[in-house]
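S.K.: Sharing final-v8.cif here; it has mmCIF, C-alpha atoms.
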```
data_final
loop_
_atom_site.label_atom_id
_atom_site.label_comp_id
_atom_site.auth_asym_id
_atom_site.auth_seq_id
_atom_site.Cartn_x
_atom_site.Cartn_y
_atom_site.Cartn_z
CA MET A 237 -14.82 9.92 46.70
CA SER A 238 -17.71 12.33 47.09
CA ALA A 239 -21.06 10.72 47.85
CA VAL A 240 -22.92 14.03 47.48
CA LEU A 241 -21.59 17.02 45.58
CA THR A 242 -23.64 20.08 44.73
CA ASP A 243 -22.26 23.18 43.08
CA ARG A 244 -24.28 26.41 43.40
CA LEU A 245 -27.54 24.49 43.46
CA THR A 246 -30.50 26.86 43.14
CA VAL A 247 -34.21 25.99 43.39
CA ARG A 248 -37.22 28.28 43.17
CA TYR A 249 -40.92 27.63 43.76
CA GLY A 250 -42.43 30.40 41.70
CA GLU A 251 -41.20 33.61 43.31
CA THR A 252 -39.92 31.81 46.41
CA LEU A 253 -36.21 31.05 46.57
CA ALA A 254 -35.86 27.68 48.32
CA LEU A 255 -32.14 27.02 47.73
CA ASP A 256 -29.68 29.77 46.88
CA GLU A 257 -26.42 28.56 45.31
CA VAL A 258 -25.97 25.67 47.76
CA SER A 259 -22.59 23.97 47.47
CA VAL A 260 -21.86 20.94 49.65
CA ASP A 261 -19.42 18.04 49.43
CA VAL A 262 -20.01 14.95 51.57
CA ALA A 263 -17.46 12.14 51.31
CA GLU A 264 -18.36 8.45 51.24
CA GLY A 265 -18.63 6.60 54.53
CA ARG A 266 -19.91 9.56 56.54
CA ILE A 267 -23.04 10.46 58.47
CA CYS A 268 -23.90 14.07 57.72
CA GLY A 269 -26.55 15.96 59.66
CA LEU A 270 -28.64 18.46 57.71
CA LEU A 271 -29.89 21.13 60.11
CA GLY A 272 -32.08 24.18 59.77
CA MET A 273 -35.47 25.68 60.55
CA ASN A 274 -38.67 24.62 58.83
CA GLY A 275 -38.55 26.16 55.37
CA SER A 276 -34.76 26.31 55.31
CA GLY A 277 -34.57 24.05 52.24
CA LYS A 278 -33.72 20.66 53.75
CA SER A 279 -36.51 18.69 52.07
CA THR A 280 -35.97 20.62 48.84
CA LEU A 281 -32.32 19.59 48.86
CA PHE A 282 -33.27 15.94 49.33
CA LYS A 283 -35.84 16.07 46.53
CA SER A 284 -33.28 17.73 44.27
CA LEU A 285 -30.75 14.99 44.98
CA MET A 286 -33.39 12.37 44.14
CA GLY A 287 -34.40 14.11 40.92
CA LEU A 288 -37.93 14.70 42.19
CA ILE A 289 -37.70 18.40 41.37
CA ARG A 290 -35.74 20.18 38.67
CA PRO A 291 -33.22 22.76 39.94
CA ASP A 292 -33.15 26.22 38.39
CA GLY A 293 -29.38 26.24 38.39
CA GLY A 294 -26.23 24.50 39.54
CA GLU A 295 -24.95 20.94 39.35
CA ILE A 296 -25.49 17.70 41.28
CA ARG A 297 -23.12 14.72 41.37
CA ILE A 298 -23.87 11.50 43.24
CA LEU A 299 -21.05 9.07 44.08
CA ASP A 300 -18.77 10.89 41.64
CA GLY A 301 -21.18 10.24 38.78
CA ALA A 302 -24.26 11.60 37.13
CA GLN A 303 -27.37 11.84 39.27
CA ARG A 304 -29.43 9.92 36.69
CA ARG A 305 -26.98 7.01 36.75
CA ALA A 306 -27.11 6.81 40.55
CA ARG A 307 -30.90 6.62 40.48
CA ARG A 308 -30.97 4.11 37.62
CA GLU A 309 -28.50 1.81 39.38
CA GLY A 310 -30.30 2.06 42.72
CA LEU A 311 -27.34 3.66 44.48
CA ILE A 312 -29.49 6.21 46.30
CA VAL A 313 -32.59 5.82 48.48
CA TYR A 314 -34.84 8.46 50.05
CA VAL A 315 -36.79 7.97 53.29
CA PRO A 316 -39.35 10.82 53.35
CA GLN A 317 -41.12 12.38 56.28
CA SER A 318 -44.02 10.30 57.60
CA GLU A 319 -46.69 12.72 56.41
CA ALA A 320 -45.47 12.30 52.81
CA VAL A 321 -46.43 8.60 52.78
CA ASP A 322 -49.91 7.11 52.26
CA TRP A 323 -49.97 4.64 55.14
CA ASN A 324 -53.38 3.32 54.04
CA PHE A 325 -51.98 1.92 50.80
CA PRO A 326 -52.53 -1.87 50.98
CA VAL A 327 -49.00 -3.23 51.10
CA THR A 328 -47.22 -5.33 53.70
CA VAL A 329 -43.91 -4.56 55.36
CA ALA A 330 -42.24 -7.18 53.16
CA ASP A 331 -43.78 -5.55 50.07
CA VAL A 332 -42.25 -2.20 51.01
CA VAL A 333 -38.81 -3.74 51.45
CA LEU A 334 -39.15 -5.71 48.21
CA MET A 335 -39.66 -2.41 46.37
CA GLY A 336 -35.98 -1.81 46.99
CA ARG A 337 -35.19 -4.82 44.81
CA TYR A 338 -37.02 -3.48 41.76
CA GLY A 339 -33.83 -2.59 39.92
CA HIS A 340 -32.42 -6.08 40.59
CA LEU A 341 -35.42 -8.02 39.28
CA SER A 342 -35.52 -9.97 36.04
CA ILE A 343 -37.23 -8.65 32.93
CA ALA A 344 -40.41 -10.39 34.09
CA ARG A 345 -40.20 -8.35 37.33
CA ARG A 346 -40.68 -11.47 39.41
CA PRO A 347 -38.62 -11.78 42.61
CA ARG A 348 -36.10 -14.58 42.58
CA ARG A 349 -34.60 -16.46 45.47
CA ARG A 350 -31.81 -13.92 45.94
CA ASP A 351 -34.36 -11.09 46.05
CA ARG A 352 -36.42 -12.83 48.73
CA GLU A 353 -33.23 -13.56 50.69
CA ALA A 354 -32.19 -9.90 50.46
CA VAL A 355 -35.60 -8.86 51.83
CA GLN A 356 -35.37 -11.35 54.68
CA ALA A 357 -31.84 -10.26 55.56
CA ALA A 358 -32.84 -6.59 55.56
CA LEU A 359 -35.88 -7.22 57.75
CA HIS A 360 -33.70 -9.15 60.17
CA ARG A 361 -31.22 -6.27 60.43
CA VAL A 362 -33.93 -3.81 61.41
CA GLY A 363 -35.73 -6.21 63.73
CA LEU A 364 -38.95 -6.53 61.73
CA THR A 365 -38.86 -10.18 60.66
CA GLU A 366 -41.94 -11.10 62.70
CA LEU A 367 -43.90 -8.17 61.22
CA ALA A 368 -43.12 -8.94 57.56
CA GLY A 369 -46.72 -9.84 56.74
CA LYS A 370 -48.31 -6.91 58.56
CA PRO A 371 -49.79 -3.94 56.64
CA ILE A 372 -47.26 -1.10 56.71
CA GLY A 373 -49.96 1.20 58.10
CA ALA A 374 -50.40 -1.02 61.18
CA LEU A 375 -46.84 -0.35 62.38
CA SER A 376 -45.72 2.24 64.90
CA GLY A 377 -43.85 5.33 63.72
CA GLY A 378 -40.48 3.88 64.59
CA GLN A 379 -41.23 0.55 62.95
CA ARG A 380 -42.30 2.32 59.74
CA LYS A 381 -39.01 4.21 59.59
CA ARG A 382 -37.10 0.98 60.10
CA ALA A 383 -39.06 -0.64 57.27
CA PHE A 384 -37.96 2.11 54.87
CA VAL A 385 -34.35 1.80 56.02
CA ALA A 386 -34.67 -1.93 55.35
CA ARG A 387 -35.82 -1.10 51.82
CA GLY A 388 -32.58 0.82 51.31
CA ILE A 389 -30.54 -2.07 52.66
CA ALA A 390 -32.29 -4.56 50.37
CA GLN A 391 -31.70 -2.19 47.48
CA ASP A 392 -27.99 -2.14 48.38
CA ALA A 393 -28.05 1.65 48.17
CA ARG A 394 -24.75 3.42 48.80
CA LEU A 395 -26.37 6.74 49.77
CA LEU A 396 -29.30 7.03 52.15
CA LEU A 397 -31.24 10.29 52.56
CA LEU A 398 -33.43 10.33 55.68
CA ASP A 399 -35.86 13.21 56.20
CA GLU A 400 -36.66 13.61 59.93
CA PRO A 401 -36.39 9.89 60.77
CA PHE A 402 -36.75 10.48 64.51
CA ALA A 403 -39.96 12.52 64.37
CA GLY A 404 -42.71 10.67 66.25
CA VAL A 405 -40.37 7.79 67.08
CA ASP A 406 -40.10 6.14 70.50
CA ARG A 407 -36.78 5.97 72.31
CA THR A 408 -36.26 2.27 71.59
CA SER A 409 -36.69 2.70 67.85
CA GLU A 410 -34.56 5.85 67.88
CA ALA A 411 -31.70 3.97 69.54
CA MET A 412 -32.09 1.07 67.09
CA ILE A 413 -32.12 3.37 64.05
CA THR A 414 -29.09 5.27 65.37
CA ASP A 415 -27.14 2.06 65.88
CA LEU A 416 -28.15 0.79 62.44
CA LEU A 417 -27.06 3.99 60.70
CA ARG A 418 -23.65 3.76 62.38
CA GLN A 419 -23.31 0.18 61.15
CA LEU A 420 -24.16 1.25 57.59
CA ARG A 421 -21.59 4.05 57.85
CA ASP A 422 -18.97 1.59 59.03
CA GLU A 423 -19.74 -0.56 55.96
CA GLY A 424 -18.81 2.39 53.76
CA ARG A 425 -22.28 3.72 53.02
CA THR A 426 -23.13 7.39 53.32
CA VAL A 427 -26.08 8.75 55.31
CA VAL A 428 -27.45 12.29 55.11
CA ILE A 429 -30.07 12.89 57.77
CA SER A 430 -32.22 15.96 58.37
CA THR A 431 -33.19 16.45 61.99
CA HIS A 432 -34.43 19.02 64.48
CA ASP A 433 -32.78 17.14 67.35
CA LEU A 434 -29.63 19.23 67.75
CA ALA A 435 -28.80 17.53 71.05
CA GLY A 436 -28.51 14.14 69.35
CA VAL A 437 -26.33 15.29 66.44
CA PRO A 438 -22.89 15.03 68.14
CA ALA A 439 -23.46 11.37 69.07
CA LEU A 440 -24.69 10.39 65.60
CA CYS A 441 -23.10 12.57 62.95
CA ASP A 442 -19.53 12.90 61.68
CA GLU A 443 -20.26 16.32 60.20
CA ALA A 444 -23.15 18.73 59.77
CA VAL A 445 -24.55 21.24 57.30
CA LEU A 446 -26.45 24.25 58.60
CA LEU A 447 -28.89 25.42 55.96
CA GLN A 448 -30.92 28.60 55.62
CA GLN A 449 -31.56 28.68 51.88
CA ARG A 450 -27.79 29.08 51.71
CA VAL A 451 -25.11 27.02 53.45
CA VAL A 452 -24.45 28.76 56.77
CA ALA A 453 -21.84 26.23 57.90
CA HIS A 454 -20.50 22.85 56.85
CA GLY A 455 -17.86 20.92 58.70
CA PRO A 456 -17.24 19.13 61.99
CA VAL A 457 -20.26 19.01 64.28
CA GLU A 458 -18.66 21.26 66.87
CA HIS A 459 -18.14 23.93 64.21
CA ALA A 460 -21.68 23.74 62.81
CA LEU A 461 -23.21 23.79 66.31
CA ALA A 462 -21.14 26.74 67.51
CA PRO A 463 -23.41 29.42 69.04
CA GLU A 464 -22.60 32.00 66.37
CA MET A 465 -23.49 29.54 63.59
CA LEU A 466 -26.76 28.51 65.24
CA ALA A 467 -27.63 32.17 65.72
CA ARG A 468 -27.23 32.78 61.99
CA ALA A 469 -29.18 29.69 60.93
CA PHE A 470 -32.01 29.85 63.47
CA GLY A 471 -32.25 33.61 63.97
CA MET A 472 -31.32 33.30 67.62
CA THR A 473 -29.57 35.91 69.69
CA GLU A 474 -26.21 34.84 71.01
CA ALA A 475 -25.73 34.87 74.76
CA PRO A 476 -23.62 37.78 76.02
#
```
Let me see whether you can do it: turn the structure in this file into structure tokens.
M.R.:
Amino acid sequence: MSAVLTDRLTVRYGETLALDEVSVDVAEGRICGLLGMNGSGKSTLFKSLMGLIRPDGGEIRILDGAQRRARREGLIVYVPQSEAVDWNFPVTVADVVLMGRYGHLSIARRPRRRDREAVQAALHRVGLTELAGKPIGALSGGQRKRAFVARGIAQDARLLLLDEPFAGVDRTSEAMITDLLRQLRDEGRTVVISTHDLAGVPALCDEAVLLQQRVVAHGPVEHALAPEMLARAFGMTEAP
């Protein structure tokens, strides 16, 4: 089953063409790397998948169903870049993770025992149990990323979209996040991750998409990272 399916997805910001007939198909239970220069459309693709922006054309399917259904049922979670989050907002780490349970709460929107247990289990998986009561803004960059991944786990999301999760992250947290994403993949979840770290893609990802407004390449990592493909996506000159 396809976790992410776009067909000729097109997005414009005024006169600027951000995505030009982008068609991708990512199967369930895969880690897919989304690669490209700044301005290549990676964040726009994520926001389109989340319904945060309205495409100008094309179709989106999530987990072989309508995008709206996937969002309504909490099947998809988005971890944005750090600069897109207000870290001064007065919430604790546990509060952030509990947000993932919103769709599971009763009509009164009060967390029940199973919701609190889901939060505790998610915090344990990402190694943040002892920091549950800390303000989210007091955490390091890597700890913040892990808190948002924990939110997705507590939500029981089947598709996780991570926008530059390793930016500003220490080596310990990077290794922990990498190991956690592999575990989630092995449980049948799907992860799409945008990253500038080309060197780390082969060890993490099952496949990769090279994006430059259009899809330059999509397939096995060795295909997407071939010199001729990177030259097309990053405007580099191939070695003689």
S.K.: Assuming the chain letters and numbering stay as they are in my file, what does the PyMOL selection byres ((chain A and resi 296-308) around 7) actually select? List them as a count of residues only.
M.R.: 13
S.K.: Tell me which of A:Pro316, A:Pro347, A:Gly455, A:Gly471 sits closest to Gly272 in chain A, counting all atoms listed in the file.
M.R.: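 Comparing A:Pro316, A:Pro347, A:Gly455, A:Gly471 against Gly272 in chain A, the winner is A:Gly471.
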S.K.: Mind telling me what the PyMOL selection byres ((chain A and resi 359) around 8) catches here, as a PyMOL selection string?
M.R.: chain A and resi 330+333+355-358+360-365+368+383+386
S.K.: In terms of the shortest atom-to-atom distance over only C-alpha atoms, which of A:Leu334, A:Leu270, A:Ala467, A:Leu245 is closest to Ser284 in chain A?
M.R.: A:Leu245
S.K.: Quick one: distance from CA of Gly378 in chain A to CA of Glu400 in chain A in Å, one decimal?
M.R.: 11.4 Å
S.K.: May I have a table of the residues of range 259-363 of chain A lying at most 6 Å from range 435-441 of chain A, giving each one's closest pair of atoms and their distance in Å to one decimal, counting only C-alpha atoms, ordered by chain and ascending residue number, as a Markdown table?
M.R.:
```
| residue | atom | partner | partner_atom | distance |
| --- | --- | --- | --- | --- |
| A:Ile267 | CA | A:Cys441 | CA | 5.0 |
| A:Cys268 | CA | A:Cys441 | CA | 5.5 |
| A:Gly269 | CA | A:Cys441 | CA | 5.8 |
```
S.K.: For a quick check of understanding, using all atoms listed in the file, which of A:Asp392, A:Leu397, A:Ser409, A:Leu271 has the smallest distance to Leu461 in chain A?
M.R.: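 Going through A:Asp392, A:Leu397, A:Ser409, A:Leu271 one by one, the smallest distance to Leu461 in chain A is for A:Leu271.
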S.K.: List as a compact mmCIF listing (two decimals) with C-alpha atoms, in the coordinates of the input: which residues have an atom within 8 Å of (-36.1, 21.8, 47.4), counting only C-alpha atoms?
M.R.:
```txt
# COMPACT_ATOMS: atom_id res chain seq x y z
CA VAL A 247 -34.21 25.99 43.39
CA ARG A 248 -37.22 28.28 43.17
CA ALA A 254 -35.86 27.68 48.32
CA LEU A 255 -32.14 27.02 47.73
CA GLY A 277 -34.57 24.05 52.24
CA LYS A 278 -33.72 20.66 53.75
CA SER A 279 -36.51 18.69 52.07
CA THR A 280 -35.97 20.62 48.84
CA LEU A 281 -32.32 19.59 48.86
CA PHE A 282 -33.27 15.94 49.33
CA LYS A 283 -35.84 16.07 46.53
CA SER A 284 -33.28 17.73 44.27
CA ILE A 289 -37.70 18.40 41.37
```
S.K.: Of the residues A:Arg450, A:Arg407, A:Arg348, A:Arg380, which is the one nearest to Glu257 in chain A, using all atoms listed in the file?
M.R.: A:Arg450
S.K.: Hey, which of A:Asp422, A:Glu458, A:Glu410, A:Asp331 ends up closest to Phe384 in chain A? Count only C-alpha atoms.
M.R.: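 Ranked by minimum distance to Phe384 in chain A, first place goes to A:Asp331.
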S.K.: Measure the distance from CA of Ala460 in chain A to CA of Leu446 in chain A in Å and round it to one decimal.
M.R.: 6.4 Å
S.K.: Given the file above and the PyMOL selection byres ((chain A and resi 427) around 10), which residues are selected, and can you give them as a ChimeraX atom specification?
M.R.: /A:239-240,262,264-269,312-313,394-398,417-418,420-421,424-426,428-430,441
S.K.: For each of A:Ala263, A:Met273, A:Val451, A:Val315, take the minimum atom-to-atom distance to Met286 in chain A, counting all atoms listed in the file, then give the residue where this is smallest.
M.R.: A:Val315
S.K.: Rounded to one decimal, what separation in Å do you get between CA of Thr252 in chain A and CA of Gln448 in chain A?
M.R.: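 A separation of 13.3 Å between them.
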